[in-house]
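Engineer: What follows is model_33.cif; its format and atoms are mmCIF, C-alpha atoms.
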data_data
loop_
_atom_site.label_atom_id
_atom_site.label_comp_id
_atom_site.auth_asym_id
_atom_site.auth_seq_id
_atom_site.Cartn_x
_atom_site.Cartn_y
_atom_site.Cartn_z
CA MET A 1 -88.32 143.75 131.94
CA ALA A 2 -87.68 140.38 130.35
CA PRO A 3 -85.33 137.77 131.82
CA ALA A 4 -82.13 136.79 130.06
CA GLU A 5 -83.03 135.17 126.76
CA ALA A 6 -82.12 131.56 126.09
CA GLY A 7 -79.30 131.27 123.59
CA SER A 8 -78.13 134.86 124.01
CA THR A 9 -74.59 135.21 122.70
CA GLN A 10 -73.32 138.06 124.88
CA ALA A 11 -74.86 137.52 128.33
CA GLY A 12 -71.79 135.92 129.92
CA GLN A 13 -69.36 138.58 128.76
CA ARG A 14 -67.47 141.02 130.92
CA VAL A 15 -69.06 144.46 130.65
CA ALA A 16 -67.63 147.73 131.94
CA VAL A 17 -70.01 150.61 132.63
CA ILE A 18 -68.40 154.06 132.51
CA ALA A 19 -70.88 156.48 134.08
CA ASN A 20 -70.39 160.23 133.92
CA MET A 21 -72.23 161.13 137.11
CA GLU A 22 -72.33 164.78 136.06
CA LYS A 23 -74.95 163.60 133.58
CA MET A 24 -76.40 160.36 134.99
CA SER A 25 -78.70 160.16 138.01
CA GLU A 26 -78.26 157.58 140.76
CA GLU A 27 -81.76 156.34 139.92
CA ASP A 28 -80.84 155.61 136.30
CA ALA A 29 -77.60 153.96 137.41
CA GLY A 30 -79.57 151.58 139.63
CA LYS A 31 -82.06 150.80 136.86
CA LEU A 32 -79.25 150.04 134.41
CA ARG A 33 -77.57 147.64 136.85
CA CYS A 34 -80.83 145.75 137.27
CA ALA A 35 -81.56 145.72 133.53
CA LEU A 36 -78.13 144.26 132.69
CA GLU A 37 -78.53 141.60 135.39
CA ALA A 38 -81.98 140.71 134.10
CA TYR A 39 -80.41 139.89 130.72
CA GLY A 40 -77.76 137.68 132.32
CA ILE A 41 -74.92 140.20 132.55
CA THR A 42 -73.76 139.83 136.12
CA ASN A 43 -70.06 140.42 135.42
CA GLN A 44 -70.29 144.21 135.57
CA ASP A 45 -67.39 146.55 136.30
CA TRP A 46 -68.76 149.96 137.27
CA ILE A 47 -66.63 153.08 137.07
CA GLU A 48 -68.41 156.23 138.21
CA LEU A 49 -66.75 159.48 137.16
CA ALA A 50 -67.14 162.96 138.57
CA GLN A 51 -66.34 164.56 135.20
CA GLY A 52 -66.47 163.51 131.57
CA ALA A 53 -62.81 164.35 130.91
CA ASP A 54 -61.80 161.08 132.61
CA VAL A 55 -63.76 158.87 130.21
CA LYS A 56 -60.94 158.04 127.78
CA GLN A 57 -58.51 156.84 130.44
CA SER A 58 -61.22 154.84 132.22
CA VAL A 59 -62.28 153.09 129.00
CA ALA A 60 -58.66 152.24 128.18
CA ARG A 61 -58.18 150.69 131.62
CA ALA A 62 -61.40 148.68 131.29
CA VAL A 63 -60.28 147.30 127.91
CA LYS A 64 -56.90 146.36 129.35
CA ALA A 65 -58.71 144.57 132.21
CA GLY A 66 -60.58 142.39 129.70
CA ALA A 67 -63.95 144.06 129.11
CA LYS A 68 -65.58 142.97 125.84
CA THR A 69 -68.26 145.69 125.85
CA ILE A 70 -68.09 149.22 127.22
CA VAL A 71 -71.33 150.95 128.21
CA VAL A 72 -70.80 154.72 128.32
CA CYS A 73 -73.37 156.81 130.19
CA GLY A 74 -73.09 160.44 129.15
CA GLY A 75 -73.35 162.90 126.29
CA ASP A 76 -71.73 163.10 122.87
CA GLY A 77 -68.48 164.39 124.38
CA SER A 78 -68.17 161.31 126.60
CA VAL A 79 -68.96 159.06 123.64
CA ARG A 80 -66.24 160.73 121.58
CA LEU A 81 -63.63 160.18 124.30
CA ALA A 82 -64.70 156.55 124.61
CA ALA A 83 -64.35 156.10 120.84
CA GLU A 84 -60.79 157.44 121.05
CA ALA A 85 -59.91 154.62 123.43
CA LEU A 86 -61.91 151.94 121.55
CA SER A 87 -60.98 152.76 117.95
CA GLY A 88 -59.36 149.72 116.35
CA THR A 89 -59.65 147.49 119.44
CA GLY A 90 -62.72 145.47 118.38
CA VAL A 91 -64.28 146.06 121.82
CA ALA A 92 -67.92 147.07 121.44
CA LEU A 93 -69.46 150.37 122.54
CA SER A 94 -72.96 150.84 123.93
CA VAL A 95 -74.34 154.25 124.90
CA VAL A 96 -76.79 155.39 127.56
CA PRO A 97 -77.62 158.93 126.36
CA GLU A 98 -77.52 161.34 129.29
CA GLY A 99 -76.43 164.60 127.64
CA THR A 100 -78.32 167.48 126.01
CA GLY A 101 -77.76 166.64 122.35
CA ASN A 102 -77.22 162.86 122.12
CA VAL A 103 -76.70 163.18 118.37
CA PHE A 104 -74.67 159.96 118.16
CA VAL A 105 -77.55 157.85 119.48
CA ALA A 106 -80.14 159.64 117.34
CA GLY A 107 -78.03 159.50 114.19
CA LEU A 108 -77.51 155.75 114.48
CA ASP A 109 -81.08 155.08 115.67
CA LEU A 110 -79.81 153.37 118.82
CA PRO A 111 -82.14 152.59 121.74
CA THR A 112 -82.64 155.13 124.53
CA ASP A 113 -84.68 153.00 126.94
CA LEU A 114 -82.49 151.38 129.61
CA ASP A 115 -84.10 147.97 129.21
CA GLU A 116 -83.64 148.06 125.42
CA ILE A 117 -80.02 149.15 125.83
CA ALA A 118 -79.33 146.24 128.19
CA LYS A 119 -81.05 143.86 125.78
CA ALA A 120 -78.88 145.09 122.89
CA VAL A 121 -75.73 144.58 124.97
CA ALA A 122 -76.74 141.04 125.92
CA THR A 123 -78.48 139.72 122.83
CA GLY A 124 -78.10 142.27 120.04
CA ASN A 125 -75.87 142.63 117.02
CA ARG A 126 -72.41 144.10 116.73
CA LYS A 127 -71.94 146.61 113.90
CA THR A 128 -68.72 148.19 112.66
CA ILE A 129 -68.83 151.87 111.69
CA ASP A 130 -66.38 154.55 110.56
CA THR A 131 -64.90 157.33 112.64
CA GLY A 132 -62.99 160.44 111.63
CA THR A 133 -59.85 162.10 112.91
CA CYS A 134 -59.18 165.82 113.15
CA ASN A 135 -55.63 166.91 113.97
CA GLY A 136 -55.04 163.43 115.35
CA GLU A 137 -58.17 163.29 117.56
CA ILE A 138 -61.15 161.01 116.94
CA PHE A 139 -64.61 162.35 116.16
CA ASN A 140 -67.81 160.41 115.54
CA LEU A 141 -70.09 163.19 114.33
CA MET A 142 -68.52 166.40 113.15
CA ALA A 143 -65.49 168.65 113.30
CA GLY A 144 -65.63 172.31 112.41
CA SER A 145 -64.83 175.94 112.98
CA GLY A 146 -66.88 179.09 112.66
CA PHE A 147 -70.58 179.45 113.45
CA ASP A 148 -70.81 175.92 114.91
CA VAL A 149 -68.31 176.85 117.64
CA GLY A 150 -70.55 179.77 118.60
CA MET A 151 -73.54 177.44 118.72
CA MET A 152 -71.74 175.29 121.29
CA SER A 153 -71.10 178.25 123.61
CA PRO A 154 -74.06 177.97 126.07
CA SER A 155 -72.94 177.38 129.63
CA ASP A 156 -73.77 174.17 131.50
CA GLU A 157 -76.28 176.19 133.55
CA GLU A 158 -78.03 177.40 130.38
CA LYS A 159 -78.12 173.88 128.92
CA ALA A 160 -79.50 172.47 132.17
CA ARG A 161 -82.17 175.19 132.32
CA LEU A 162 -83.15 175.46 128.65
CA GLY A 163 -82.04 172.14 127.13
CA PHE A 164 -81.85 172.24 123.33
CA LEU A 165 -83.37 175.75 123.32
CA ALA A 166 -80.01 177.00 124.60
CA TYR A 167 -78.43 175.93 121.31
CA ILE A 168 -81.26 177.52 119.31
CA ARG A 169 -80.73 180.82 121.07
CA ALA A 170 -76.99 180.64 120.44
CA ALA A 171 -77.62 179.78 116.77
CA ILE A 172 -79.81 182.86 116.31
CA GLY A 173 -77.08 185.00 117.82
CA GLU A 174 -74.57 183.50 115.40
CA MET A 175 -76.78 184.20 112.39
CA LEU A 176 -77.09 187.86 113.40
CA SER A 177 -73.46 188.53 114.30
CA ARG A 178 -71.09 186.00 112.67
CA ARG A 179 -68.40 187.58 110.50
CA SER A 180 -66.57 185.82 107.68
CA PHE A 181 -63.02 184.52 107.86
CA GLN A 182 -60.63 183.36 105.15
CA VAL A 183 -60.19 179.64 104.54
CA GLU A 184 -58.66 177.32 101.97
CA VAL A 185 -60.22 173.85 101.82
CA ALA A 186 -58.88 170.82 99.97
CA ILE A 187 -60.52 167.39 99.58
CA ASP A 188 -58.26 164.42 98.83
CA ASP A 189 -55.43 166.89 98.14
CA THR A 190 -57.48 168.70 95.46
CA PRO A 191 -58.40 172.39 96.00
CA PHE A 192 -62.10 172.68 96.84
CA TYR A 193 -62.71 176.23 98.09
CA SER A 194 -60.74 179.39 98.75
CA GLY A 195 -62.30 182.58 100.10
CA PRO A 196 -64.45 184.00 102.90
CA SER A 197 -66.54 181.64 105.01
CA SER A 198 -68.72 181.79 108.11
CA GLY A 199 -68.15 178.12 108.91
CA VAL A 200 -66.44 174.91 107.78
CA LEU A 201 -67.99 171.57 108.77
CA VAL A 202 -66.50 168.10 108.27
CA ALA A 203 -68.96 165.33 109.16
CA LYS A 204 -68.79 161.58 109.50
CA LEU A 205 -72.41 161.14 110.55
CA GLY A 206 -75.41 163.21 109.50
CA SER A 207 -77.53 164.66 112.26
CA LYS A 208 -80.87 166.32 112.74
CA LYS A 209 -81.10 169.53 114.75
CA GLY A 210 -84.70 170.56 115.23
CA PHE A 211 -86.24 170.31 111.76
CA VAL A 212 -82.94 170.71 109.89
CA GLU A 213 -81.02 167.63 108.80
CA THR A 214 -77.34 168.23 108.22
CA PHE A 215 -75.57 166.05 105.66
CA PRO A 216 -78.56 163.86 104.75
CA ASP A 217 -76.37 161.79 102.41
CA ALA A 218 -73.82 160.87 105.10
CA SER A 219 -73.58 157.26 106.25
CA PRO A 220 -71.63 155.77 109.17
CA THR A 221 -70.25 153.09 106.83
CA ASP A 222 -69.59 154.93 103.54
CA GLY A 223 -65.86 155.45 104.09
CA LEU A 224 -66.22 159.19 103.43
CA LEU A 225 -66.12 162.53 105.17
CA HIS A 226 -68.80 165.03 104.15
CA VAL A 227 -67.79 168.68 103.87
CA ALA A 228 -69.73 171.94 103.90
CA VAL A 229 -68.22 175.39 103.53
CA ILE A 230 -70.86 177.92 104.60
CA THR A 231 -70.68 181.48 103.26
CA ALA A 232 -73.99 182.85 104.61
CA VAL A 233 -73.79 186.13 106.53
CA GLY A 234 -76.70 188.08 107.93
CA PRO A 235 -80.21 186.82 108.71
CA TRP A 236 -81.58 186.72 105.15
CA GLU A 237 -78.81 184.57 103.71
CA TRP A 238 -79.02 182.24 106.71
CA LEU A 239 -82.79 181.96 106.42
CA GLY A 240 -82.47 181.08 102.73
CA LEU A 241 -79.96 178.34 103.52
CA ILE A 242 -82.12 176.96 106.34
CA ALA A 243 -85.21 176.95 104.09
CA LEU A 244 -83.40 174.75 101.56
CA ALA A 245 -82.02 172.53 104.33
CA LEU A 246 -85.58 171.92 105.57
CA VAL A 247 -86.33 170.17 102.27
CA ARG A 248 -82.90 168.49 102.07
CA ARG A 249 -81.72 170.69 99.21
CA GLN A 250 -78.65 172.28 100.80
CA LYS A 251 -76.65 171.59 97.65
CA LYS A 252 -78.87 174.03 95.73
CA SER A 253 -77.91 176.93 97.97
CA GLY A 254 -75.40 179.50 96.85
CA GLU A 255 -74.42 179.86 100.52
CA ALA A 256 -73.07 176.32 100.95
CA LYS A 257 -70.44 174.45 98.97
CA ILE A 258 -70.75 170.73 99.70
CA GLY A 259 -68.39 167.87 98.88
CA GLN A 260 -67.03 164.57 100.14
CA GLY A 261 -63.81 162.59 100.28
CA ALA A 262 -61.49 160.51 102.45
CA LYS A 263 -59.25 163.43 103.49
CA VAL A 264 -60.07 167.08 104.15
CA SER A 265 -57.84 170.00 105.09
CA ALA A 266 -58.95 173.50 106.05
CA VAL A 267 -56.31 176.23 106.38
CA PHE A 268 -57.28 179.47 108.15
CA GLY A 269 -55.66 182.89 107.99
CA THR A 270 -55.13 182.82 111.77
CA ALA A 271 -55.53 180.21 114.50
CA ARG A 272 -59.20 179.62 115.31
CA GLN A 273 -61.21 177.69 117.86
CA PHE A 274 -62.67 174.43 116.56
CA GLU A 275 -65.11 171.86 117.86
CA LEU A 276 -65.28 168.07 117.83
CA ASP A 277 -68.68 166.42 118.36
CA GLY A 278 -70.00 169.56 120.03
CA ASP A 279 -67.10 170.15 122.44
CA ILE A 280 -65.04 173.28 121.90
CA GLN A 281 -61.33 172.53 121.59
CA GLY A 282 -58.31 174.84 121.49
CA ARG A 283 -57.14 176.95 118.57
CA ALA A 284 -55.61 175.71 115.34
CA ALA A 285 -54.48 177.38 112.13
CA LYS A 286 -55.29 174.22 110.17
CA LEU A 287 -57.68 171.28 110.46
CA GLU A 288 -56.43 168.00 109.00
CA CYS A 289 -59.25 165.44 108.84
CA GLU A 290 -59.24 161.84 107.67
CA VAL A 291 -61.75 158.99 107.72
CA LYS A 292 -60.99 155.75 109.61
CA PRO A 293 -63.18 153.11 107.92
CA GLY A 294 -64.59 150.32 110.08
CA SER A 295 -62.76 151.47 113.20
CA LEU A 296 -65.50 151.36 115.86
CA VAL A 297 -67.77 148.49 116.94
CA ILE A 298 -71.18 149.38 118.41
CA CYS A 299 -74.01 147.41 120.01
CA THR A 300 -77.23 147.52 118.04
CA PRO A 301 -80.62 145.84 118.55
CA GLN A 302 -81.37 142.54 116.87
CA ASP A 303 -82.70 142.82 113.31
#
Have the structure of the file written as structure tokens, please.

Structural biologist:
Amino acid sequence: MAPAEAGSTQAGQRVAVIANMEKMSEEDAGKLRCALEAYGITNQDWIELAQGADVKQSVARAVKAGAKTIVVCGGDGSVRLAAEALSGTGVALSVVPEGTGNVFVAGLDLPTDLDEIAKAVATGNRKTIDTGTCNGEIFNLMAGSGFDVGMMSPSDEEKARLGFLAYIRAAIGEMLSRRSFQVEVAIDDTPFYSGPSSGVLVAKLGSKKGFVETFPDASPTDGLLHVAVITAVGPWEWLGLIALALVRRQKKSGEAKIGQGAKVSAVFGTARQFELDGDIQGRAAKLECEVKPGSLVICTPQD
């Protein structure tokens, strides 16, 4: 671990660490404290949480108390709740990935090593990225309904025991059993799709699951939401779609209709469960999504 670098621009700042102790070990917490101190960040406010649901309120309190950077230790759900509190504030977000998926960190190519994370907080760059909203709630990665909700169904015990394999198993079950539902999708108030679907996805950031990259054209700074209406049912149609996705040719599939725009609405025949950044939400008969350009500041390594 290197000492604090001469001329660092962030080392004297007030930093709040919001640690979801459901996800983070005491050992990692101790290592992060030491790493931040080694880079000159001694003004640390630590808030240890017993559950991730308290992240948003804790981040809001830390910002009100004067923190200039928030370090969130947890999974994509904790990061999403932090982004809800930080959107539009100009206060920077850093992430210590402690969940199963950690798609936010992977999608933005952020550091995962505790020493590198501390270095980025103290001496790195600050980058502004877009977020999205779905029915008034922030998301960083993706909103959707259909097969993706089923993929997020593994219990905490299954995820702890099997890790990412729990999602793979759930995905296979979805491919074999998912039934279609009716949906009407509009992009920027223009009709885009009407008919049966097995899933509707609205993404702000592309992600890679296993060997499949979803929304390879998506960028965190393009000012757009990327939309996919999936019509695949049964194993053969799903396998055909996945085969094209492996070579980044999803747009060539007859089982996926892909578009992009600043606003997206999806109207269902009946109220359905939906997910935001991998966390299952309640039920809604309609998803109203909109991009929020340049709304979130993140800590990134030096160029």

Engineer: Just to confirm, what's the straight-line distance from atom CA of A:Gly206 to atom CA of A:Lys263 in Å (one decimal)?

Structural biologist: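 Distance between the two atoms: 17.2 Å.
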
Engineer: Just give me the gap between atom CA of A:Ala285 and atom CA of A:Gly75 in Å, one decimal is fine.

Structural biologist: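 Interatomic distance, atom CA of A:Ala285 to atom CA of A:Gly75: 27.7 Å.
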
Engineer: List as JSON, numbers by chain the protein and nucleic acid residues near A:Val72, meaning an atom at most 12 Å away when all atoms listed in the file are counted, but skip any in the same chain fewer than 2 places from it.

Structural biologist: {"A": [15, 16, 17, 18, 19, 20, 21, 23, 24, 29, 32, 45, 46, 47, 48, 49, 52, 54, 55, 56, 58, 59, 62, 69, 70, 74, 75, 76, 77, 78, 79, 80, 81, 82, 83, 85, 86, 92, 93, 94, 95, 96, 97, 98, 99, 105, 117, 121, 298, 299]}

Engineer: Ranking A:Ser87, A:Gln260, A:Asn140, A:Thr190 by minimum distance to A:Phe215 and counting only C-alpha atoms, which one comes first?

Structural biologist: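 Result for the nearest residue to A:Phe215: A:Gln260.
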
Engineer: Which value, in Å to one decimal, gives the distance between atom CA of A:Ser265 and atom CA of A:Gly132?

Structural biologist: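 It comes out at 12.7 Å.
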
Engineer: Would you please work out which residue, of A:Leu141, A:Val183, A:Leu114, A:Ala53, is nearest to A:Ala271 when using all atoms listed in the file?

Structural biologist: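 Distance minimum relative to A:Ala271 lands on A:Val183.
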
Engineer: So which residues get picked by the PyMOL selection byres ((chain A and resi 226) around 12) here, written as a PyMOL selection string?

Structural biologist: chain A and resi 132+141-144+187-188+200-207+214-220+222-225+227-229+257-264+289-291

Engineer: Suppose a student applies the PyMOL selection byres ((chain A and resi 191-197) around 6) to this structure; what residues should they get, written as a ChimeraX atom specification?

Structural biologist: /A:180-186,190,198-199,230-231

Engineer: Let me know the residues the PyMOL selection byres ((chain A and resi 126-130) around 6) catches in the file above, as a compact mmCIF listing (two decimals) with C-alpha atoms, in the frame of the given file.

Structural biologist:
# COMPACT_ATOMS: atom_id res chain seq x y z
CA ASN A 125 -75.87 142.63 117.02
CA THR A 131 -64.90 157.33 112.64
CA PRO A 220 -71.63 155.77 109.17
CA THR A 221 -70.25 153.09 106.83
CA LYS A 292 -60.99 155.75 109.61
CA PRO A 293 -63.18 153.11 107.92
CA GLY A 294 -64.59 150.32 110.08
CA SER A 295 -62.76 151.47 113.20
CA LEU A 296 -65.50 151.36 115.86
CA VAL A 297 -67.77 148.49 116.94
CA ILE A 298 -71.18 149.38 118.41
CA CYS A 299 -74.01 147.41 120.01

Engineer: Hey, which of A:Pro301, A:Arg61, A:Phe274, A:Gly282 ends up closest to A:Gly146? Count all atoms listed in the file.

Structural biologist: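 Ranking A:Pro301, A:Arg61, A:Phe274, A:Gly282 by distance to A:Gly146, first place goes to A:Phe274.
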
Engineer: With distances taken over only C-alpha atoms, which residue among A:Gly66, A:Pro111, A:Gly278, A:Gly269 lies nearest A:Gln13?

Structural biologist: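 Checking each of A:Gly66, A:Pro111, A:Gly278, A:Gly269 against A:Gln13, counting only C-alpha atoms, the winner is A:Gly66.
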
Engineer: Report, as lines of an AutoDock Vina configuration file, the centre and edge lengths in Å (one decimal) of the axis-aligned box enclosing every listed atom of stretch 260-278 of chain A, padded by 6 Å on each side.

Structural biologist:
center_x = -62.6
center_y = 171.7
center_z = 110.1
size_x = 26.9
size_y = 34.4
size_z = 31.9

Engineer: Considering all atoms listed in the file, state which residue in the set A:Ala122, A:Val103, A:Ala60, A:Ala67 is at the smallest distance from A:Glu37.

Structural biologist: A:Ala122

Engineer: I'd like the neighbourhood of A:Ala35 as a ChimeraX atom specification, where a residue qualifies if any of its atoms comes within 9 Å (using all atoms listed in the file), though same-chain residues fewer than 3 positions away should be ignored.

Structural biologist: /A:1-3,30-32,38-41,114-119

Engineer: Start from the incomplete input, build N, CA and C atoms for stretch 83-95 of chain A, and deliver everything as a PDB file, keeping the file's coordinate frame.

Structural biologist:
ATOM      1  N   ALA A  83     -64.723 156.570 122.179  1.00  0.00           N
ATOM      2  CA  ALA A  83     -64.350 156.100 120.840  1.00  0.00           C
ATOM      3  C   ALA A  83     -62.855 156.248 120.605  1.00  0.00           C
ATOM      4  N   GLU A  84     -62.244 157.286 121.183  1.00  0.00           N
ATOM      5  CA  GLU A  84     -60.790 157.440 121.050  1.00  0.00           C
ATOM      6  C   GLU A  84     -60.069 156.240 121.643  1.00  0.00           C
ATOM      7  N   ALA A  85     -60.559 155.759 122.787  1.00  0.00           N
ATOM      8  CA  ALA A  85     -59.910 154.620 123.430  1.00  0.00           C
ATOM      9  C   ALA A  85     -60.267 153.301 122.754  1.00  0.00           C
ATOM     10  N   LEU A  86     -61.433 153.210 122.118  1.00  0.00           N
ATOM     11  CA  LEU A  86     -61.910 151.940 121.550  1.00  0.00           C
ATOM     12  C   LEU A  86     -61.563 151.765 120.082  1.00  0.00           C
ATOM     13  N   SER A  87     -61.222 152.844 119.382  1.00  0.00           N
ATOM     14  CA  SER A  87     -60.980 152.760 117.950  1.00  0.00           C
ATOM     15  C   SER A  87     -59.914 151.711 117.627  1.00  0.00           C
ATOM     16  N   GLY A  88     -60.287 150.753 116.786  1.00  0.00           N
ATOM     17  CA  GLY A  88     -59.360 149.720 116.350  1.00  0.00           C
ATOM     18  C   GLY A  88     -59.164 148.565 117.300  1.00  0.00           C
ATOM     19  N   THR A  89     -59.840 148.566 118.462  1.00  0.00           N
ATOM     20  CA  THR A  89     -59.650 147.490 119.440  1.00  0.00           C
ATOM     21  C   THR A  89     -60.575 146.306 119.213  1.00  0.00           C
ATOM     22  N   GLY A  90     -61.715 146.519 118.533  1.00  0.00           N
ATOM     23  CA  GLY A  90     -62.720 145.470 118.380  1.00  0.00           C
ATOM     24  C   GLY A  90     -63.642 145.336 119.560  1.00  0.00           C
ATOM     25  N   VAL A  91     -63.392 146.073 120.651  1.00  0.00           N
ATOM     26  CA  VAL A  91     -64.280 146.060 121.820  1.00  0.00           C
ATOM     27  C   VAL A  91     -65.498 146.921 121.500  1.00  0.00           C
ATOM     28  N   ALA A  92     -66.676 146.418 121.837  1.00  0.00           N
ATOM     29  CA  ALA A  92     -67.920 147.070 121.440  1.00  0.00           C
ATOM     30  C   ALA A  92     -68.310 148.205 122.379  1.00  0.00           C
ATOM     31  N   LEU A  93     -68.965 149.206 121.808  1.00  0.00           N
ATOM     32  CA  LEU A  93     -69.460 150.370 122.540  1.00  0.00           C
ATOM     33  C   LEU A  93     -70.975 150.368 122.577  1.00  0.00           C
ATOM     34  N   SER A  94     -71.532 150.589 123.769  1.00  0.00           N
ATOM     35  CA  SER A  94     -72.960 150.840 123.930  1.00  0.00           C
ATOM     36  C   SER A  94     -73.106 152.173 124.642  1.00  0.00           C
ATOM     37  N   VAL A  95     -74.188 152.898 124.364  1.00  0.00           N
ATOM     38  CA  VAL A  95     -74.340 154.250 124.900  1.00  0.00           C
ATOM     39  C   VAL A  95     -75.676 154.393 125.623  1.00  0.00           C
TER      40      VAL A  95
END
